[in-house]
Every structure is written in C-alpha cells, then in structure tokens.
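Containing PDB, C-alpha atoms and all ligand atoms: query.pdb.
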ATOM      1  CA  MET V 123       0.000   0.000   0.000  1.00  0.00           C
ATOM      2  CA  THR V 124       1.177   3.497  -0.758  1.00  0.00           C
ATOM      3  CA  ASP V 125      -0.274   6.888   0.069  1.00  0.00           C
ATOM      4  CA  ILE V 126       1.553   8.694  -2.753  1.00  0.00           C
ATOM      5  CA  THR V 127      -0.259   9.446  -6.027  1.00  0.00           C
ATOM      6  CA  LEU V 128       1.372  11.234  -8.941  1.00  0.00           C
ATOM      7  CA  TYR V 129      -1.021  12.978 -11.318  1.00  0.00           C
ATOM      8  CA  HIS V 130       0.944  12.394 -14.437  1.00  0.00           C
ATOM      9  CA  ALA V 131       1.197  12.780 -18.181  1.00  0.00           C
ATOM     10  CA  ALA V 132       4.140  11.706 -20.329  1.00  0.00           C
ATOM     11  CA  PRO V 133       5.984  13.431 -21.755  1.00  0.00           C
ATOM     12  CA  SER V 134       5.486  16.488 -19.561  1.00  0.00           C
ATOM     13  CA  ARG V 135       6.955  18.297 -16.587  1.00  0.00           C
ATOM     14  CA  ALA V 136       5.407  15.526 -14.478  1.00  0.00           C
ATOM     15  CA  SER V 137       8.307  13.337 -15.652  1.00  0.00           C
ATOM     16  CA  VAL V 138      10.562  15.383 -13.353  1.00  0.00           C
ATOM     17  CA  VAL V 139       8.531  14.213 -10.357  1.00  0.00           C
ATOM     18  CA  ARG V 140       8.557  10.640 -11.620  1.00  0.00           C
ATOM     19  CA  TRP V 141      12.364  10.814 -11.637  1.00  0.00           C
ATOM     20  CA  MET V 142      12.279  12.195  -8.076  1.00  0.00           C
ATOM     21  CA  LEU V 143      10.005   9.334  -6.970  1.00  0.00           C
ATOM     22  CA  GLU V 144      12.282   6.769  -8.595  1.00  0.00           C
ATOM     23  CA  GLU V 145      15.267   8.299  -6.769  1.00  0.00           C
ATOM     24  CA  LEU V 146      13.277   8.139  -3.527  1.00  0.00           C
ATOM     25  CA  GLY V 147      12.515   4.452  -3.972  1.00  0.00           C
ATOM     26  CA  GLU V 148       9.048   4.770  -2.391  1.00  0.00           C
ATOM     27  CA  PRO V 149       6.095   3.043  -4.068  1.00  0.00           C
ATOM     28  CA  TYR V 150       3.590   5.370  -5.733  1.00  0.00           C
ATOM     29  CA  HIS V 151       0.385   5.260  -7.762  1.00  0.00           C
ATOM     30  CA  VAL V 152       0.193   6.926 -11.138  1.00  0.00           C
ATOM     31  CA  HIS V 153      -3.031   8.705 -12.063  1.00  0.00           C
ATOM     32  CA  LEU V 154      -2.672   9.289 -15.771  1.00  0.00           C
ATOM     33  CA  LEU V 155      -4.182  12.313 -17.496  1.00  0.00           C
ATOM     34  CA  ASN V 156      -4.563  12.706 -21.222  1.00  0.00           C
ATOM     35  CA  LEU V 157      -3.558  16.318 -21.909  1.00  0.00           C
ATOM     36  CA  ALA V 158      -4.622  16.101 -25.559  1.00  0.00           C
ATOM     37  CA  ASN V 159      -8.147  15.188 -24.411  1.00  0.00           C
ATOM     38  CA  GLY V 160      -8.198  18.071 -21.932  1.00  0.00           C
ATOM     39  CA  ASP V 161      -8.344  15.903 -18.778  1.00  0.00           C
ATOM     40  CA  GLN V 162      -6.366  18.625 -16.973  1.00  0.00           C
ATOM     41  CA  ALA V 163      -9.187  21.152 -17.478  1.00  0.00           C
ATOM     42  CA  LYS V 164     -11.962  18.885 -16.125  1.00  0.00           C
ATOM     43  CA  ALA V 165     -13.615  19.795 -12.828  1.00  0.00           C
ATOM     44  CA  GLU V 166     -12.484  16.528 -11.221  1.00  0.00           C
ATOM     45  CA  TYR V 167      -8.819  17.411 -11.785  1.00  0.00           C
ATOM     46  CA  ARG V 168      -9.198  21.130 -11.094  1.00  0.00           C
ATOM     47  CA  ALA V 169     -10.245  20.070  -7.598  1.00  0.00           C
ATOM     48  CA  ILE V 170      -6.693  18.687  -7.285  1.00  0.00           C
ATOM     49  CA  ASN V 171      -4.883  21.493  -9.138  1.00  0.00           C
ATOM     50  CA  PRO V 172      -6.999  24.563  -9.879  1.00  0.00           C
ATOM     51  CA  MET V 173      -4.259  25.634 -12.340  1.00  0.00           C
ATOM     52  CA  GLY V 174      -5.265  22.747 -14.599  1.00  0.00           C
ATOM     53  CA  LYS V 175      -1.624  21.676 -14.953  1.00  0.00           C
ATOM     54  CA  VAL V 176       0.393  18.534 -14.305  1.00  0.00           C
ATOM     55  CA  PRO V 177       2.099  17.422 -12.189  1.00  0.00           C
ATOM     56  CA  ALA V 178       0.281  17.257  -8.892  1.00  0.00           C
ATOM     57  CA  LEU V 179       1.107  15.002  -5.982  1.00  0.00           C
ATOM     58  CA  LYS V 180      -1.241  13.629  -3.341  1.00  0.00           C
ATOM     59  CA  HIS V 181       0.440  12.364  -0.195  1.00  0.00           C
ATOM     60  CA  GLY V 182      -2.108  11.232   2.369  1.00  0.00           C
ATOM     61  CA  ASP V 183      -4.386  14.264   2.642  1.00  0.00           C
ATOM     62  CA  ALA V 184      -1.776  16.742   1.370  1.00  0.00           C
ATOM     63  CA  ILE V 185      -1.874  17.946  -2.211  1.00  0.00           C
ATOM     64  CA  VAL V 186       1.245  19.610  -3.596  1.00  0.00           C
ATOM     65  CA  THR V 187       1.611  21.201  -7.028  1.00  0.00           C
ATOM     66  CA  GLU V 188       4.509  22.869  -8.882  1.00  0.00           C
ATOM     67  CA  VAL V 189       7.451  20.659  -9.807  1.00  0.00           C
ATOM     68  CA  ALA V 190      10.057  22.298  -7.590  1.00  0.00           C
ATOM     69  CA  ALA V 191       7.719  22.430  -4.576  1.00  0.00           C
ATOM     70  CA  ILE V 192       6.840  18.743  -4.996  1.00  0.00           C
ATOM     71  CA  CYS V 193      10.512  17.721  -5.195  1.00  0.00           C
ATOM     72  CA  THR V 194      11.411  19.847  -2.165  1.00  0.00           C
ATOM     73  CA  TYR V 195       8.461  18.390  -0.247  1.00  0.00           C
ATOM     74  CA  LEU V 196       9.305  14.768  -1.062  1.00  0.00           C
ATOM     75  CA  ALA V 197      12.975  15.220  -0.213  1.00  0.00           C
ATOM     76  CA  ASP V 198      12.031  16.592   3.225  1.00  0.00           C
ATOM     77  CA  GLU V 199       9.280  14.015   3.874  1.00  0.00           C
ATOM     78  CA  TYR V 200      11.643  11.095   3.192  1.00  0.00           C
ATOM     79  CA  PRO V 201      14.983  12.271   4.621  1.00  0.00           C
ATOM     80  CA  HIS V 202      16.384   8.725   4.747  1.00  0.00           C
ATOM     81  CA  ALA V 203      16.840   8.958   0.961  1.00  0.00           C
ATOM     82  CA  ARG V 204      19.308  11.844   1.526  1.00  0.00           C
ATOM     83  CA  LEU V 205      17.888  13.878  -1.331  1.00  0.00           C
ATOM     84  CA  ASN V 206      17.438  16.938   0.892  1.00  0.00           C
ATOM     85  CA  ILE V 207      19.710  19.228   2.851  1.00  0.00           C
ATOM     86  CA  PRO V 208      18.050  19.425   6.262  1.00  0.00           C
ATOM     87  CA  VAL V 209      17.143  22.518   8.282  1.00  0.00           C
ATOM     88  CA  GLY V 210      20.160  23.492  10.380  1.00  0.00           C
ATOM     89  CA  ASP V 211      22.718  22.487   7.751  1.00  0.00           C
ATOM     90  CA  PRO V 212      24.441  25.611   6.354  1.00  0.00           C
ATOM     91  CA  ARG V 213      24.261  24.102   2.851  1.00  0.00           C
ATOM     92  CA  ARG V 214      20.438  24.323   2.960  1.00  0.00           C
ATOM     93  CA  GLY V 215      20.479  27.941   1.776  1.00  0.00           C
ATOM     94  CA  PRO V 216      22.307  27.266  -1.517  1.00  0.00           C
ATOM     95  CA  TYR V 217      20.278  24.037  -1.945  1.00  0.00           C
ATOM     96  CA  LEU V 218      16.986  25.975  -1.739  1.00  0.00           C
ATOM     97  CA  LYS V 219      18.424  28.676  -4.003  1.00  0.00           C
ATOM     98  CA  TRP V 220      18.866  26.114  -6.790  1.00  0.00           C
ATOM     99  CA  LEU V 221      15.405  24.635  -6.275  1.00  0.00           C
ATOM    100  CA  PHE V 222      13.899  28.114  -6.745  1.00  0.00           C
ATOM    101  CA  PHE V 223      16.374  29.249  -9.409  1.00  0.00           C
ATOM    102  CA  SER V 224      15.169  26.748 -11.986  1.00  0.00           C
ATOM    103  CA  PRO V 225      11.475  27.782 -12.124  1.00  0.00           C
ATOM    104  CA  SER V 226      12.068  31.466 -11.377  1.00  0.00           C
ATOM    105  CA  CYS V 227      15.168  32.128 -13.512  1.00  0.00           C
ATOM    106  CA  ILE V 228      16.210  29.349 -15.914  1.00  0.00           C
ATOM    107  CA  GLU V 229      12.743  28.468 -17.219  1.00  0.00           C
ATOM    108  CA  PRO V 230      11.458  32.034 -17.790  1.00  0.00           C
ATOM    109  CA  ALA V 231      14.804  33.074 -19.311  1.00  0.00           C
ATOM    110  CA  ALA V 232      14.554  30.162 -21.757  1.00  0.00           C
ATOM    111  CA  THR V 233      10.901  30.699 -22.687  1.00  0.00           C
ATOM    112  CA  ASP V 234      11.240  34.477 -23.046  1.00  0.00           C
ATOM    113  CA  ARG V 235      14.069  33.893 -25.474  1.00  0.00           C
ATOM    114  CA  ALA V 236      12.072  31.318 -27.438  1.00  0.00           C
ATOM    115  CA  PHE V 237       8.974  33.566 -27.527  1.00  0.00           C
ATOM    116  CA  PRO V 238      10.321  37.122 -27.479  1.00  0.00           C
ATOM    117  CA  ARG V 239       8.130  39.958 -26.228  1.00  0.00           C
ATOM    118  CA  LYS V 240       7.156  42.840 -28.487  1.00  0.00           C
ATOM    119  CA  GLU V 241       9.062  45.211 -26.269  1.00  0.00           C
ATOM    120  CA  GLU V 242      12.241  44.217 -24.454  1.00  0.00           C
ATOM    121  CA  PRO V 243      11.562  44.721 -20.728  1.00  0.00           C
ATOM    122  CA  ARG V 244      14.185  46.495 -18.655  1.00  0.00           C
ATOM    123  CA  ARG V 245      16.619  44.064 -17.013  1.00  0.00           C
ATOM    124  CA  GLY V 246      15.607  45.277 -13.556  1.00  0.00           C
ATOM    125  CA  THR V 247      11.964  44.341 -14.104  1.00  0.00           C
ATOM    126  CA  LEU V 248      12.747  40.717 -14.924  1.00  0.00           C
ATOM    127  CA  GLY V 249      13.276  38.432 -11.932  1.00  0.00           C
ATOM    128  CA  TYR V 250      15.942  36.554 -13.845  1.00  0.00           C
ATOM    129  CA  GLY V 251      17.740  39.648 -15.135  1.00  0.00           C
ATOM    130  CA  ASP V 252      19.016  38.477 -18.496  1.00  0.00           C
ATOM    131  CA  PHE V 253      19.491  35.174 -20.295  1.00  0.00           C
ATOM    132  CA  ASP V 254      23.287  35.289 -20.568  1.00  0.00           C
ATOM    133  CA  THR V 255      23.808  35.902 -16.854  1.00  0.00           C
ATOM    134  CA  VAL V 256      21.434  33.047 -15.970  1.00  0.00           C
ATOM    135  CA  MET V 257      23.377  30.703 -18.266  1.00  0.00           C
ATOM    136  CA  GLU V 258      26.747  31.831 -16.891  1.00  0.00           C
ATOM    137  CA  VAL V 259      25.698  31.449 -13.246  1.00  0.00           C
ATOM    138  CA  THR V 260      24.180  28.017 -13.928  1.00  0.00           C
ATOM    139  CA  ALA V 261      27.225  26.807 -15.868  1.00  0.00           C
ATOM    140  CA  LYS V 262      29.581  27.870 -13.057  1.00  0.00           C
ATOM    141  CA  ALA V 263      27.408  26.004 -10.533  1.00  0.00           C
ATOM    142  CA  VAL V 264      27.301  22.692 -12.379  1.00  0.00           C
ATOM    143  CA  GLU V 265      30.886  22.710 -13.647  1.00  0.00           C
ATOM    144  CA  PRO V 266      32.789  21.520 -10.526  1.00  0.00           C
ATOM    145  CA  GLY V 267      30.415  18.558 -10.104  1.00  0.00           C
ATOM    146  CA  PRO V 268      29.575  15.940  -9.761  1.00  0.00           C
ATOM    147  CA  PHE V 269      26.348  17.565  -8.499  1.00  0.00           C
ATOM    148  CA  LEU V 270      25.095  21.027  -7.530  1.00  0.00           C
ATOM    149  CA  MET V 271      25.805  20.401  -3.860  1.00  0.00           C
ATOM    150  CA  GLY V 272      29.093  18.618  -4.553  1.00  0.00           C
ATOM    151  CA  GLU V 273      29.256  14.895  -3.840  1.00  0.00           C
ATOM    152  CA  GLN V 274      25.650  14.693  -2.591  1.00  0.00           C
ATOM    153  CA  PHE V 275      22.971  14.263  -5.254  1.00  0.00           C
ATOM    154  CA  THR V 276      19.818  16.147  -4.147  1.00  0.00           C
ATOM    155  CA  ALA V 277      16.337  17.201  -5.237  1.00  0.00           C
ATOM    156  CA  ALA V 278      17.977  20.352  -6.643  1.00  0.00           C
ATOM    157  CA  ASP V 279      19.715  18.171  -9.256  1.00  0.00           C
ATOM    158  CA  VAL V 280      16.387  16.585 -10.212  1.00  0.00           C
ATOM    159  CA  VAL V 281      14.858  20.037 -10.785  1.00  0.00           C
ATOM    160  CA  VAL V 282      17.780  21.924 -12.353  1.00  0.00           C
ATOM    161  CA  GLY V 283      19.059  18.832 -14.181  1.00  0.00           C
ATOM    162  CA  SER V 284      15.649  18.187 -15.760  1.00  0.00           C
ATOM    163  CA  MET V 285      15.406  21.801 -16.850  1.00  0.00           C
ATOM    164  CA  LEU V 286      18.832  21.666 -18.524  1.00  0.00           C
ATOM    165  CA  ARG V 287      18.155  18.253 -20.051  1.00  0.00           C
ATOM    166  CA  TRP V 288      14.804  19.223 -21.563  1.00  0.00           C
ATOM    167  CA  GLY V 289      15.952  22.734 -22.407  1.00  0.00           C
ATOM    168  CA  MET V 290      18.849  21.417 -24.510  1.00  0.00           C
ATOM    169  CA  MET V 291      16.661  18.684 -26.027  1.00  0.00           C
ATOM    170  CA  PHE V 292      14.213  21.315 -27.321  1.00  0.00           C
ATOM    171  CA  ASP V 293      16.924  23.851 -28.256  1.00  0.00           C
ATOM    172  CA  LEU V 294      15.719  26.311 -25.626  1.00  0.00           C
ATOM    173  CA  LEU V 295      19.091  26.285 -23.911  1.00  0.00           C
ATOM    174  CA  PRO V 296      22.612  26.281 -25.364  1.00  0.00           C
ATOM    175  CA  LYS V 297      24.513  22.997 -25.399  1.00  0.00           C
ATOM    176  CA  ARG V 298      27.342  24.364 -23.283  1.00  0.00           C
ATOM    177  CA  PRO V 299      30.044  21.819 -22.396  1.00  0.00           C
ATOM    178  CA  GLU V 300      29.339  22.345 -18.659  1.00  0.00           C
ATOM    179  CA  PHE V 301      25.630  21.511 -19.179  1.00  0.00           C
ATOM    180  CA  LEU V 302      26.367  18.484 -21.373  1.00  0.00           C
ATOM    181  CA  ALA V 303      28.858  17.050 -18.880  1.00  0.00           C
ATOM    182  CA  TYR V 304      26.470  17.570 -15.942  1.00  0.00           C
ATOM    183  CA  VAL V 305      23.472  16.058 -17.748  1.00  0.00           C
ATOM    184  CA  GLY V 306      25.713  13.173 -18.856  1.00  0.00           C
ATOM    185  CA  ARG V 307      26.487  12.458 -15.180  1.00  0.00           C
ATOM    186  CA  LEU V 308      22.782  12.611 -14.280  1.00  0.00           C
ATOM    187  CA  GLU V 309      21.883  10.219 -17.074  1.00  0.00           C
ATOM    188  CA  GLN V 310      24.056   7.564 -15.409  1.00  0.00           C
ATOM    189  CA  ARG V 311      21.632   7.464 -12.488  1.00  0.00           C
ATOM    190  CA  PRO V 312      19.461   4.331 -12.360  1.00  0.00           C
ATOM    191  CA  GLY V 313      16.539   6.430 -11.025  1.00  0.00           C
ATOM    192  CA  LEU V 314      16.514   8.633 -14.122  1.00  0.00           C
ATOM    193  CA  GLN V 315      16.964   5.624 -16.386  1.00  0.00           C
ATOM    194  CA  ARG V 316      13.976   3.857 -14.769  1.00  0.00           C
ATOM    195  CA  ALA V 317      11.775   6.965 -14.940  1.00  0.00           C
ATOM    196  CA  THR V 318      12.692   7.551 -18.593  1.00  0.00           C
ATOM    197  CA  ALA V 319      11.948   3.934 -19.543  1.00  0.00           C
ATOM    198  CA  LEU V 320       8.584   3.978 -17.732  1.00  0.00           C
ATOM    199  CA  ASP V 321       7.563   7.256 -19.390  1.00  0.00           C
ATOM    200  CA  ARG V 322       8.699   6.031 -22.789  1.00  0.00           C
ATOM    201  CA  GLU V 323       6.338   3.040 -22.386  1.00  0.00           C
ATOM    202  CA  LEU V 324       3.481   5.382 -21.423  1.00  0.00           C
ATOM    203  CA  ALA V 325       4.122   7.729 -24.328  1.00  0.00           C
ATOM    204  CA  ALA V 326       4.140   4.798 -26.752  1.00  0.00           C
ATOM    205  CA  ALA V 327       0.911   3.254 -25.387  1.00  0.00           C
TER     206      ALA V 327
HETATM  207  N1  LIG K   1       4.666  25.755 -13.118  1.00  0.00           N
HETATM  208  C1  LIG K   1       4.175  24.423 -13.337  1.00  0.00           C
HETATM  209  C2  LIG K   1       4.097  24.156 -14.820  1.00  0.00           C
HETATM  210  C3  LIG K   1       3.264  22.937 -15.134  1.00  0.00           C
HETATM  211  C4  LIG K   1       2.930  22.843 -16.624  1.00  0.00           C
HETATM  212  O1  LIG K   1       2.988  23.822 -17.376  1.00  0.00           O
HETATM  213  N2  LIG K   1       2.541  21.642 -17.055  1.00  0.00           N
HETATM  214  C5  LIG K   1       2.128  21.439 -18.429  1.00  0.00           C
HETATM  215  C6  LIG K   1       2.720  20.140 -18.959  1.00  0.00           C
HETATM  216  S1  LIG K   1       4.469  20.233 -19.171  1.00  0.00           S
HETATM  217  C7  LIG K   1       0.618  21.278 -18.499  1.00  0.00           C
HETATM  218  O2  LIG K   1      -0.004  20.775 -17.582  1.00  0.00           O
HETATM  219  N3  LIG K   1       0.041  21.667 -19.628  1.00  0.00           N
HETATM  220  C8  LIG K   1      -1.353  21.474 -19.894  1.00  0.00           C
HETATM  221  C9  LIG K   1      -2.120  22.762 -20.010  1.00  0.00           C
HETATM  222  O3  LIG K   1      -1.598  23.833 -19.695  1.00  0.00           O
HETATM  223  O4  LIG K   1      -3.273  22.674 -20.421  1.00  0.00           O
HETATM  224  C10 LIG K   1       5.066  23.399 -12.616  1.00  0.00           C
HETATM  225  O5  LIG K   1       6.267  23.672 -12.443  1.00  0.00           O
HETATM  226  O6  LIG K   1       4.583  22.345 -12.174  1.00  0.00           O
END
Structure encoded using structure tokens:
Amino acid sequence: MTDITLYHAAPSRASVVRWMLEELGEPYHVHLLNLANGDQAKAEYRAINPMGKVPALKHGDAIVTEVAAICTYLADEYPHARLNIPVGDPRRGPYLKWLFFSPSCIEPAATDRAFPRKEEPRRGTLGYGDFDTVMEVTAKAVEPGPFLMGEQFTAADVVVGSMLRWGMMFDLLPKRPEFLAYVGRLEQRPGLQRATALDRELAAA
C-alpha cells in the first residue's frame, strides 16, 4: 500500500517528479491524465490542481503542485533517501536557491528567449535579469560537479538537471560543455533511467 499518487502525463513536466520518486525508492500510484483530451481542465482534476496543470502530488491528505515544490516536499518528507539538505545544515540555503532558481530564472529566461516579447523589458523588471547571466551562473554552478551540492545528489539536481536536459533537447538552452557534462552524469543514475523507460512506455501506449 502506498499513500503517494502522482497525477501524471508523459511526456510532460510531471516526468521530473517521476524521476524524483524513482530516486526516492518509495512506491507510488500513477493517475494518468490525457492532456490532448483536456483531462487537466476537467472539474475533477481542477479540484486537485486549480491551475489545470500537471504534475500534482497527493500524499495522504496533502496535495502539492509545482514541480520544484513537490521535489522539495518529497525530499524533506523522506529524509532517509538523503535527497534533501536538512534545516540546520548551512548548505540548505544554496540548496533551496537552486530549487527556486530553476522555475524562477532558468525556465522564464529560456521561454522568453524562445517567444520574445514585443518590447524588451528592462533588465531590472525581470526576476531573472538576463538570459546570458542566468546561463553563466548556472554553468559555473554545475561545472565543478559531480552535483550542484558537490558529492551529494539532491532534489535540486532533479529540478535543475531536468530543466537543462529538456531545455537542450528542445533547443531552448545552449549545449554548453558544462551543461552536457552535468546532464551526462545525471543520465548515469538508475533512477533517471527507470523513470525515462517507464515514461517512454506510457508515451508509446
Ligand atoms: N509551473 C508548473 C508548470 C506545469 C505545466 O505547465 N505543465 C504542463 C505540462 S508540461 C501542463 O499541464 N500543460 C497542460 C495545459 O496547460 O493545459 C510546474 O512547475 O509544475
């Protein structure tokens, strides 16, 4: 028996949470949504995530949405997996920084570049500043390796690593040598390999 349910669609951002769950090693149910059929907009699912987006996670009575929040939550709920940096550890600050940096800086920098605005906003008005700085800061962080927090692989690698992996796959992010080497290290992880194989089966079904 498990009390974890992933509201999932493959391929989608929900695959990031599937990777996290595979790293965690806890059993989980998958509740599959068909995005092409608009399952995400139906009242039944909006009761889970009023944003009408996947992923969502149900853990007992708790519902968590937003990829980075779900990964942070799971890492803290299951500390034995050592995917978190616990409260009280001075490394928790930088760890949280990377968990927030992906959705608030890397992703909007990438999508704004792919879909430019009519008028270029002033750098100061954009939370991420500018694309080149975001890329430079991210490259410097992943370069020393093996992971963002050094030797310890954490939820921050699941979130930032997925963003870089998908971003390069869809040509939203440059294939910098630092990114390629980091993603190459992540792709050695059995958890990511399992999640990818499971989602490939779903996408083909
Ligand atoms: N900010 C959300 C983004 C979620 C998101 O955009 N999910 C897409 C799939 S990759 C989705 O549900 N799209 C369906 C739709 O918008 O109708 C997160 O990080 O979880």
Can you work out which residues are within 7 Å of ligand LIG 1 (chain K), considering only C-alpha atoms and all ligand atoms, and then hand them over as a ChimeraX atom specification? /V:134-136,157,160,162-163,174-177,187-190,225
Excluding same-chain residues fewer than 5 positions from Lys219 (chain V), what lies within 10 Å of it counting all atoms listed in the file, as a ChimeraX atom specification? /V:214,224,278
Dump of C-alpha atoms for the selected residues, as a JSON list (two decimals), in the frame of the given file:
[["chain", "number", "residue", "atom", "x", "y", "z"],
["V", 214, "ARG", "CA", 20.44, 24.32, 2.96],
["V", 224, "SER", "CA", 15.17, 26.75, -11.99],
["V", 278, "ALA", "CA", 17.98, 20.35, -6.64]]
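Picked out by the PyMOL selection byres (((chain V and resi 232) around 8) and not hetatm) when it runs on this file: Ile228, Glu229, Pro230, Ala231, Thr233, Asp234, Arg235, Ala236, Phe253, Gly289, Leu294 and Leu295 of chain V.
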Which neighbours of region 141-156 of chain V fall inside 8 Å, counting only C-alpha atoms, when residues of the same chain fewer than 3 positions from it are skipped, and could you give them as an NGL selection string? :V and (123-131 or 137-138 or 159-162 or 193 or 197 or 200 or 203 or 205 or 277 or 280 or 313-314 or 316-318)
Taking all atoms of region 226-245 of chain V that the file lists, what box with edges along x, y and z, padded by 6 Å per side, do you get, with centre and edge lengths in Å to one decimal, as lines of an AutoDock Vina configuration file?
center_x = 11.9
center_y = 37.5
center_z = -19.9
size_x = 21.5
size_y = 30.0
size_z = 29.1
Would you mind reading off the distance between CA of Val259 (chain V) and CA of Gln274 (chain V), one decimal, in Å? 19.9 Å
Which residue is closest to Tyr217 (chain V)? Choose from V:Met271, V:Ile192, V:Ala261, V:Leu248 and count only C-alpha atoms.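 Smallest separation from Tyr217 (chain V) among the options: V:Met271.
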Rank V:Arg204, V:Lys240, V:Lys164, V:Arg287 by their smallest atom-to-atom distance to Gly306 (chain V), using all atoms listed in the file, and report the top residue only.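 For Gly306 (chain V), the nearest of the given residues is V:Arg287.
Shortest separation to Phe223 (chain V) among V:Thr255, V:Glu273, V:Val281, V:Asn171 occurs at residue V:Val281, atoms counted being all atoms listed in the file.
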Separation of CA of Ala132 (chain V) from CA of Ala325 (chain V) in Å: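 Distance reported for this atom pair: 5.6 Å.
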Using only C-alpha atoms: which of V:Ala327, V:Ala165, V:Leu221, V:Val256 has the shortest distance to Thr276 (chain V): V:Leu221
Here CA of Lys262 (chain V) and CA of Pro208 (chain V) stand apart by 24.0 Å
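Considering all atoms listed in the file, the residue among V:Glu199, V:Asp252, V:Asp279, V:Glu323 positioned nearest to Val264 (chain V) is V:Asp279.
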Nearest residue to Leu196 (chain V) from the set V:Arg140, V:Leu286, V:Asp293, V:Arg168 (distances using all atoms listed in the file): V:Arg140
